[in-house]
Amino acid sequence: MGLMVPAMASIERYAASTVPVLAERVRLVLGNGGLIALPTESFYGLAVAPFDEQALARLWQVKGRSEGKPILVLVGDRPQLEPLVRSIPPAATVLMNAFWPGPLTIVFSAAVELPDAVTAGTGSVGIRLSAWQPLVDLLRLVGPVTGTSANREGIQPPCTAEEVQHGLGDVIDLIIDAGPTPGGRPSTVIDIRGPIRIIRDGAIERGAIVVQLAAHGLHLDADSR
């Protein structure tokens with residue numbers, strides 16, 4: 001007998017005209033604990049249902065992700081925040097109004113029900129509403145998913161479906177191909193749970209954040225790096 005060849009992920013091409021059909025396919029895969037690669041405004045990301053503990057364990061295994069690193073969650077609209085977070089502080093509302101959809105990840109206090117595999121035991125969750133239209137179109141119908149980059153730890157994140165297939169095609173279930181993603185700087189990450197802190201500089205400039213906060217009587221913590 002010959003060697004068994006691992007099954008490769010199926011690839012579905014994104015088209016705006018077929019979003020409802022594609023969303024149903026995505027829902028089916030996620031509902032069965034599947035792993036999906038989706039395009040974002042920077043790189044392709046790995047999506048699982050954020051409340052599915054078995055799928056999350058599989059995601060951690062595929063990523064080879066270091067302990068203690070929470071997993072980003074992507075939403076398709078603002079109402080999808082509610083089951084994910086404990087509260088929405090005023091600073092979060094200001095920043096969402098100014099920069100969502102867009103490359104700003106906001107760190108909230110996580111809902112008690114959100115698994116430790118998402119929060120890494122930190123009690124917090126980073127959430128982003130992307131401006132990448134293919135992703136938003138799908139998530140409005142599918143709901144929140146994880147958004148960690150579709151690569152193993154230490155490997156360059158992929159910008160095309162072909163790169164995802166080459167790197168992870170034998171261990172994930174579905175790739176949504178919306179063509180090349182832009183790459184570039186990652187999202188800016190800001191923690192609004194207490195003193196407002198930028199914890200990763202990125203695509204949205206610090207100065208723009210300072211201006212928006214100041215307009216509402218808010219400010220970055222003096223120690224924010």
# chains A, B, ... in the order shown; residues from 1 in each chain; ligands from 1
call {"tool": "select_by_dssp", "arguments": {"residues": "segment 28-106 of chain A", "states": "strand (DSSP E or B)", "output": "NGL selection string"}}
result
:A and (36-39 or 44-47 or 73-75 or 85 or 104-106)
call {"tool": "residues_around", "arguments": {"residues": "Ile71 of chain A", "least_positions_apart": "5", "cutoff": "8 Å", "atoms": "only C-alpha atoms", "output": "ChimeraX atom specification"}}
result
/A:117-120,125-126,146-148
call {"tool": "write_last_selection", "arguments": {"atoms": "N, CA and C atoms", "output": "mmCIF file, in the first residue's frame"}}
result
data_model
loop_
_atom_site.group_PDB
_atom_site.id
_atom_site.type_symbol
_atom_site.label_atom_id
_atom_site.label_comp_id
_atom_site.auth_asym_id
_atom_site.auth_seq_id
_atom_site.Cartn_x
_atom_site.Cartn_y
_atom_site.Cartn_z
ATOM 1 N N ALA A 117 -9.494 29.354 26.872
ATOM 2 C CA ALA A 117 -8.695 29.169 25.665
ATOM 3 C C ALA A 117 -8.686 30.422 24.796
ATOM 4 N N VAL A 118 -9.659 31.314 24.973
ATOM 5 C CA VAL A 118 -9.668 32.604 24.291
ATOM 6 C C VAL A 118 -8.924 33.645 25.120
ATOM 7 N N THR A 119 -9.220 33.685 26.415
ATOM 8 C CA THR A 119 -8.668 34.733 27.277
ATOM 9 C C THR A 119 -7.287 34.402 27.825
ATOM 10 N N ALA A 120 -6.866 33.142 27.701
ATOM 11 C CA ALA A 120 -5.606 32.664 28.299
ATOM 12 C C ALA A 120 -5.577 32.956 29.798
ATOM 13 N N VAL A 125 -10.423 40.099 26.691
ATOM 14 C CA VAL A 125 -10.524 39.649 25.303
ATOM 15 C C VAL A 125 -10.348 40.851 24.383
ATOM 16 N N GLY A 126 -9.515 40.694 23.361
ATOM 17 C CA GLY A 126 -9.335 41.712 22.341
ATOM 18 C C GLY A 126 -10.304 41.484 21.197
ATOM 19 N N THR A 146 -12.802 33.642 16.078
ATOM 20 C CA THR A 146 -11.424 34.004 16.414
ATOM 21 C C THR A 146 -10.735 34.566 15.176
ATOM 22 N N GLY A 147 -9.671 35.343 15.400
ATOM 23 C CA GLY A 147 -9.005 35.995 14.273
ATOM 24 C C GLY A 147 -7.496 35.951 14.347
ATOM 25 N N THR A 148 -6.940 34.976 15.071
ATOM 26 C CA THR A 148 -5.485 34.856 15.123
ATOM 27 C C THR A 148 -4.948 34.526 13.733
#
call {"tool": "closest_residue", "arguments": {"among": "A:Ala131, A:Leu95, A:Val29, A:Leu168", "to": "Ala9 of chain A", "atoms": "only C-alpha atoms"}}
result
A:Leu168
call {"tool": "residues_around", "arguments": {"residues": "Pro186 of chain A", "least_positions_apart": "6", "cutoff": "8 Å", "atoms": "only C-alpha atoms", "output": "list in words"}}
result
Ser42, Pro103, Gly202 and Ala203 of chain A
call {"tool": "residues_around", "arguments": {"residues": "Ala49 of chain A", "least_positions_apart": "5", "cutoff": "9 Å", "atoms": "only C-alpha atoms", "output": "list in words"}}
result
Leu30, Gly31, Gly33, Gly34, Leu35, Ala55, Leu56, Gly143, Pro144, Val145 and Thr146 of chain A
call {"tool": "write_last_selection", "arguments": {"atoms": "N, CA and C atoms", "output": "PDB file, in the first residue's frame"}}
result
ATOM      1  N   LEU A  30     -18.024  25.629  11.137  1.00  0.00           N
ATOM      2  CA  LEU A  30     -17.793  26.071  12.517  1.00  0.00           C
ATOM      3  C   LEU A  30     -18.644  25.278  13.491  1.00  0.00           C
ATOM      4  N   GLY A  31     -19.865  24.978  13.122  1.00  0.00           N
ATOM      5  CA  GLY A  31     -20.766  24.228  13.987  1.00  0.00           C
ATOM      6  C   GLY A  31     -20.304  22.814  14.248  1.00  0.00           C
ATOM      7  N   GLY A  33     -17.129  22.149  14.714  1.00  0.00           N
ATOM      8  CA  GLY A  33     -15.823  22.259  15.352  1.00  0.00           C
ATOM      9  C   GLY A  33     -14.682  22.487  14.391  1.00  0.00           C
ATOM     10  N   GLY A  34     -15.000  22.992  13.189  1.00  0.00           N
ATOM     11  CA  GLY A  34     -13.979  23.144  12.162  1.00  0.00           C
ATOM     12  C   GLY A  34     -13.132  24.394  12.305  1.00  0.00           C
ATOM     13  N   LEU A  35     -12.002  24.390  11.582  1.00  0.00           N
ATOM     14  CA  LEU A  35     -11.081  25.528  11.496  1.00  0.00           C
ATOM     15  C   LEU A  35     -11.153  26.094  10.088  1.00  0.00           C
ATOM     16  N   ALA A  55     -12.915  23.110  19.526  1.00  0.00           N
ATOM     17  CA  ALA A  55     -12.335  23.784  18.366  1.00  0.00           C
ATOM     18  C   ALA A  55     -11.189  24.691  18.796  1.00  0.00           C
ATOM     19  N   LEU A  56     -11.337  25.353  19.939  1.00  0.00           N
ATOM     20  CA  LEU A  56     -10.265  26.214  20.450  1.00  0.00           C
ATOM     21  C   LEU A  56      -9.022  25.406  20.795  1.00  0.00           C
ATOM     22  N   GLY A 143     -21.547  35.563  12.704  1.00  0.00           N
ATOM     23  CA  GLY A 143     -21.302  35.878  14.103  1.00  0.00           C
ATOM     24  C   GLY A 143     -19.824  35.902  14.423  1.00  0.00           C
ATOM     25  N   PRO A 144     -19.475  36.117  15.696  1.00  0.00           N
ATOM     26  CA  PRO A 144     -18.071  36.267  16.084  1.00  0.00           C
ATOM     27  C   PRO A 144     -17.255  35.007  15.818  1.00  0.00           C
ATOM     28  N   VAL A 145     -15.988  35.225  15.454  1.00  0.00           N
ATOM     29  CA  VAL A 145     -15.029  34.124  15.297  1.00  0.00           C
ATOM     30  C   VAL A 145     -13.671  34.589  15.821  1.00  0.00           C
ATOM     31  N   THR A 146     -12.802  33.642  16.078  1.00  0.00           N
ATOM     32  CA  THR A 146     -11.424  34.004  16.414  1.00  0.00           C
ATOM     33  C   THR A 146     -10.735  34.566  15.176  1.00  0.00           C
TER      34      THR A 146
END
call {"tool": "closest_atom_pairs", "arguments": {"of": "segment 59-138 of chain A", "to": "segment 174-179 of chain A", "cutoff": "12 Å", "atoms": "only C-alpha atoms", "output": "tab-separated table"}}
result
residue	atom	partner	partner_atom	distance
A:Trp132	CA	A:Ala178	CA	10.2
A:Gln133	CA	A:Ala178	CA	9.8
A:Pro134	CA	A:Ala178	CA	6.9
A:Leu135	CA	A:Ala178	CA	9.0
A:Asp137	CA	A:Ala178	CA	11.7
A:Leu138	CA	A:Ile176	CA	10.1
call {"tool": "residues_around", "arguments": {"residues": "Leu114 of chain A", "least_positions_apart": "4", "cutoff": "7 Å", "atoms": "only C-alpha atoms", "output": "list in words"}}
result
Phe51, Leu84, Ala110 and Val118 of chain A
call {"tool": "closest_residue", "arguments": {"among": "A:Gly64, A:Gly45, A:Pro90, A:Gly76", "to": "Leu141 of chain A", "atoms": "only C-alpha atoms"}}
result
A:Gly76
call {"tool": "select_by_dssp", "arguments": {"residues": "segment 103-155 of chain A", "states": "helix (DSSP H, G or I)", "output": "number ranges by chain"}}
result
A: 116-119, 133-142
call {"tool": "residues_around", "arguments": {"residues": "Val62 of chain A", "least_positions_apart": "5", "cutoff": "12 Å", "atoms": "only C-alpha atoms", "output": "JSON, numbers by chain"}}
result
{"A": [34, 35, 36, 46, 47, 48, 55, 56, 57, 148, 149, 150, 151, 152, 153, 167, 168, 169, 170, 171, 172, 173]}
call {"tool": "closest_residue", "arguments": {"among": "A:Val136, A:Val112, A:Leu104, A:Val164", "to": "Asp201 of chain A", "atoms": "only C-alpha atoms"}}
result
A:Leu104
call {"tool": "residues_around", "arguments": {"residues": "Gly207 of chain A", "least_positions_apart": "6", "cutoff": "12 Å", "atoms": "only C-alpha atoms", "output": "PDB file with N, CA and C atoms, in the first residue's frame"}}
result
ATOM      1  N   THR A 188      -3.665  48.313  15.806  1.00  0.00           N
ATOM      2  CA  THR A 188      -3.299  48.904  17.088  1.00  0.00           C
ATOM      3  C   THR A 188      -4.144  48.226  18.166  1.00  0.00           C
ATOM      4  N   ILE A 198      -2.274  51.946  25.319  1.00  0.00           N
ATOM      5  CA  ILE A 198      -1.937  51.273  24.059  1.00  0.00           C
ATOM      6  C   ILE A 198      -0.930  50.179  24.385  1.00  0.00           C
ATOM      7  N   ASP A 201       1.442  49.282  19.301  1.00  0.00           N
ATOM      8  CA  ASP A 201       1.306  50.279  18.242  1.00  0.00           C
ATOM      9  C   ASP A 201       1.055  49.570  16.923  1.00  0.00           C
ATOM     10  N   LEU A 213      -9.863  60.697  22.093  1.00  0.00           N
ATOM     11  CA  LEU A 213     -10.119  60.601  23.530  1.00  0.00           C
ATOM     12  C   LEU A 213     -10.261  61.989  24.158  1.00  0.00           C
ATOM     13  N   ALA A 214      -9.357  62.901  23.803  1.00  0.00           N
ATOM     14  CA  ALA A 214      -9.368  64.245  24.386  1.00  0.00           C
ATOM     15  C   ALA A 214     -10.669  64.972  24.084  1.00  0.00           C
ATOM     16  N   HIS A 219      -8.151  60.413  28.320  1.00  0.00           N
ATOM     17  CA  HIS A 219      -6.729  60.496  27.944  1.00  0.00           C
ATOM     18  C   HIS A 219      -6.065  59.141  28.130  1.00  0.00           C
ATOM     19  N   LEU A 220      -4.956  58.968  27.403  1.00  0.00           N
ATOM     20  CA  LEU A 220      -4.131  57.773  27.586  1.00  0.00           C
ATOM     21  C   LEU A 220      -3.425  57.844  28.928  1.00  0.00           C
TER      22      LEU A 220
END
call {"tool": "decode", "arguments": {"residues": "segment 21-61 of chain A", "atoms": "N, CA and C atoms", "output": "CSV table (one decimal), in the first residue's frame"}}
result
chain,number,residue,atom,x,y,z
A,21,VAL,N,-24.8,32.0,0.7
A,21,VAL,CA,-24.5,30.6,0.5
A,21,VAL,C,-23.1,30.3,1.2
A,22,LEU,N,-22.2,31.1,1.0
A,22,LEU,CA,-20.9,31.0,1.6
A,22,LEU,C,-21.0,31.0,3.1
A,23,ALA,N,-21.8,31.9,3.7
A,23,ALA,CA,-22.0,32.0,5.1
A,23,ALA,C,-22.6,30.8,5.7
A,24,GLU,N,-23.5,30.2,4.9
A,24,GLU,CA,-24.1,28.9,5.4
A,24,GLU,C,-23.0,27.8,5.5
A,25,ARG,N,-22.1,27.8,4.5
A,25,ARG,CA,-21.0,26.8,4.5
A,25,ARG,C,-20.1,27.0,5.7
A,26,VAL,N,-19.8,28.3,5.9
A,26,VAL,CA,-18.9,28.6,7.1
A,26,VAL,C,-19.6,28.2,8.4
A,27,ARG,N,-20.9,28.5,8.5
A,27,ARG,CA,-21.6,28.2,9.7
A,27,ARG,C,-21.6,26.7,10.0
A,28,LEU,N,-21.8,25.9,8.9
A,28,LEU,CA,-21.8,24.4,9.0
A,28,LEU,C,-20.4,23.9,9.5
A,29,VAL,N,-19.3,24.4,8.9
A,29,VAL,CA,-18.0,24.0,9.3
A,29,VAL,C,-17.7,24.4,10.8
A,30,LEU,N,-18.0,25.6,11.1
A,30,LEU,CA,-17.8,26.1,12.5
A,30,LEU,C,-18.6,25.3,13.5
A,31,GLY,N,-19.9,25.0,13.1
A,31,GLY,CA,-20.8,24.2,14.0
A,31,GLY,C,-20.3,22.8,14.2
A,32,ASN,N,-19.5,22.3,13.4
A,32,ASN,CA,-18.9,21.0,13.5
A,32,ASN,C,-17.5,21.0,14.1
A,33,GLY,N,-17.1,22.1,14.7
A,33,GLY,CA,-15.8,22.3,15.4
A,33,GLY,C,-14.7,22.5,14.4
A,34,GLY,N,-15.0,23.0,13.2
A,34,GLY,CA,-14.0,23.1,12.2
A,34,GLY,C,-13.1,24.4,12.3
A,35,LEU,N,-12.0,24.4,11.6
A,35,LEU,CA,-11.1,25.5,11.5
A,35,LEU,C,-11.2,26.1,10.1
A,36,ILE,N,-11.3,27.4,10.0
A,36,ILE,CA,-11.5,28.1,8.7
A,36,ILE,C,-10.4,29.2,8.6
A,37,ALA,N,-9.8,29.4,7.5
A,37,ALA,CA,-9.0,30.5,7.2
A,37,ALA,C,-9.8,31.6,6.5
A,38,LEU,N,-9.8,32.8,7.0
A,38,LEU,CA,-10.6,33.9,6.5
A,38,LEU,C,-9.7,35.1,6.2
A,39,PRO,N,-10.0,35.9,5.2
A,39,PRO,CA,-9.1,37.1,4.9
A,39,PRO,C,-9.5,38.2,5.8
A,40,THR,N,-8.5,38.9,6.3
A,40,THR,CA,-8.7,40.2,7.1
A,40,THR,C,-8.0,41.3,6.4
A,41,GLU,N,-8.1,42.5,7.0
A,41,GLU,CA,-7.5,43.7,6.3
A,41,GLU,C,-6.0,43.7,6.3
A,42,SER,N,-5.4,42.7,7.0
A,42,SER,CA,-3.9,42.6,7.0
A,42,SER,C,-3.5,41.2,6.4
A,43,PHE,N,-3.8,40.1,7.1
A,43,PHE,CA,-3.4,38.8,6.7
A,43,PHE,C,-4.6,37.9,6.8
A,44,TYR,N,-4.4,36.6,6.4
A,44,TYR,CA,-5.5,35.6,6.6
A,44,TYR,C,-5.4,35.2,8.0
A,45,GLY,N,-6.6,35.0,8.6
A,45,GLY,CA,-6.7,34.6,10.0
A,45,GLY,C,-7.4,33.2,10.2
A,46,LEU,N,-7.2,32.6,11.3
A,46,LEU,CA,-7.8,31.3,11.6
A,46,LEU,C,-9.1,31.5,12.5
A,47,ALA,N,-10.2,31.0,12.0
A,47,ALA,CA,-11.5,31.3,12.6
A,47,ALA,C,-12.0,30.0,13.2
A,48,VAL,N,-12.4,30.0,14.5
A,48,VAL,CA,-13.2,29.0,15.1
A,48,VAL,C,-14.3,29.7,15.9
A,49,ALA,N,-15.3,29.0,16.3
A,49,ALA,CA,-16.4,29.6,17.1
A,49,ALA,C,-15.8,29.8,18.5
A,50,PRO,N,-15.9,31.1,19.0
A,50,PRO,CA,-15.2,31.4,20.2
A,50,PRO,C,-15.7,30.8,21.5
A,51,PHE,N,-16.8,30.1,21.5
A,51,PHE,CA,-17.4,29.4,22.6
A,51,PHE,C,-17.2,27.9,22.5
A,52,ASP,N,-16.6,27.4,21.5
A,52,ASP,CA,-16.4,26.0,21.2
A,52,ASP,C,-15.0,25.5,21.8
A,53,GLU,N,-15.1,24.9,22.9
A,53,GLU,CA,-13.8,24.6,23.6
A,53,GLU,C,-13.0,23.6,22.8
A,54,GLN,N,-13.6,22.6,22.2
A,54,GLN,CA,-12.9,21.6,21.4
A,54,GLN,C,-12.2,22.2,20.2
A,55,ALA,N,-12.9,23.1,19.5
A,55,ALA,CA,-12.3,23.8,18.4
A,55,ALA,C,-11.2,24.7,18.8
A,56,LEU,N,-11.3,25.4,19.9
A,56,LEU,CA,-10.3,26.2,20.5
A,56,LEU,C,-9.0,25.4,20.8
A,57,ALA,N,-9.2,24.2,21.4
A,57,ALA,CA,-8.1,23.4,21.7
A,57,ALA,C,-7.4,23.0,20.4
A,58,ARG,N,-8.1,22.7,19.4
A,58,ARG,CA,-7.5,22.3,18.1
A,58,ARG,C,-6.8,23.5,17.5
A,59,LEU,N,-7.3,24.7,17.7
A,59,LEU,CA,-6.7,25.9,17.2
A,59,LEU,C,-5.3,26.1,17.8
A,60,TRP,N,-5.3,26.0,19.2
A,60,TRP,CA,-4.0,26.1,19.9
A,60,TRP,C,-3.0,25.1,19.4
A,61,GLN,N,-3.5,23.9,19.1
A,61,GLN,CA,-2.6,22.8,18.7
A,61,GLN,C,-2.0,23.2,17.3
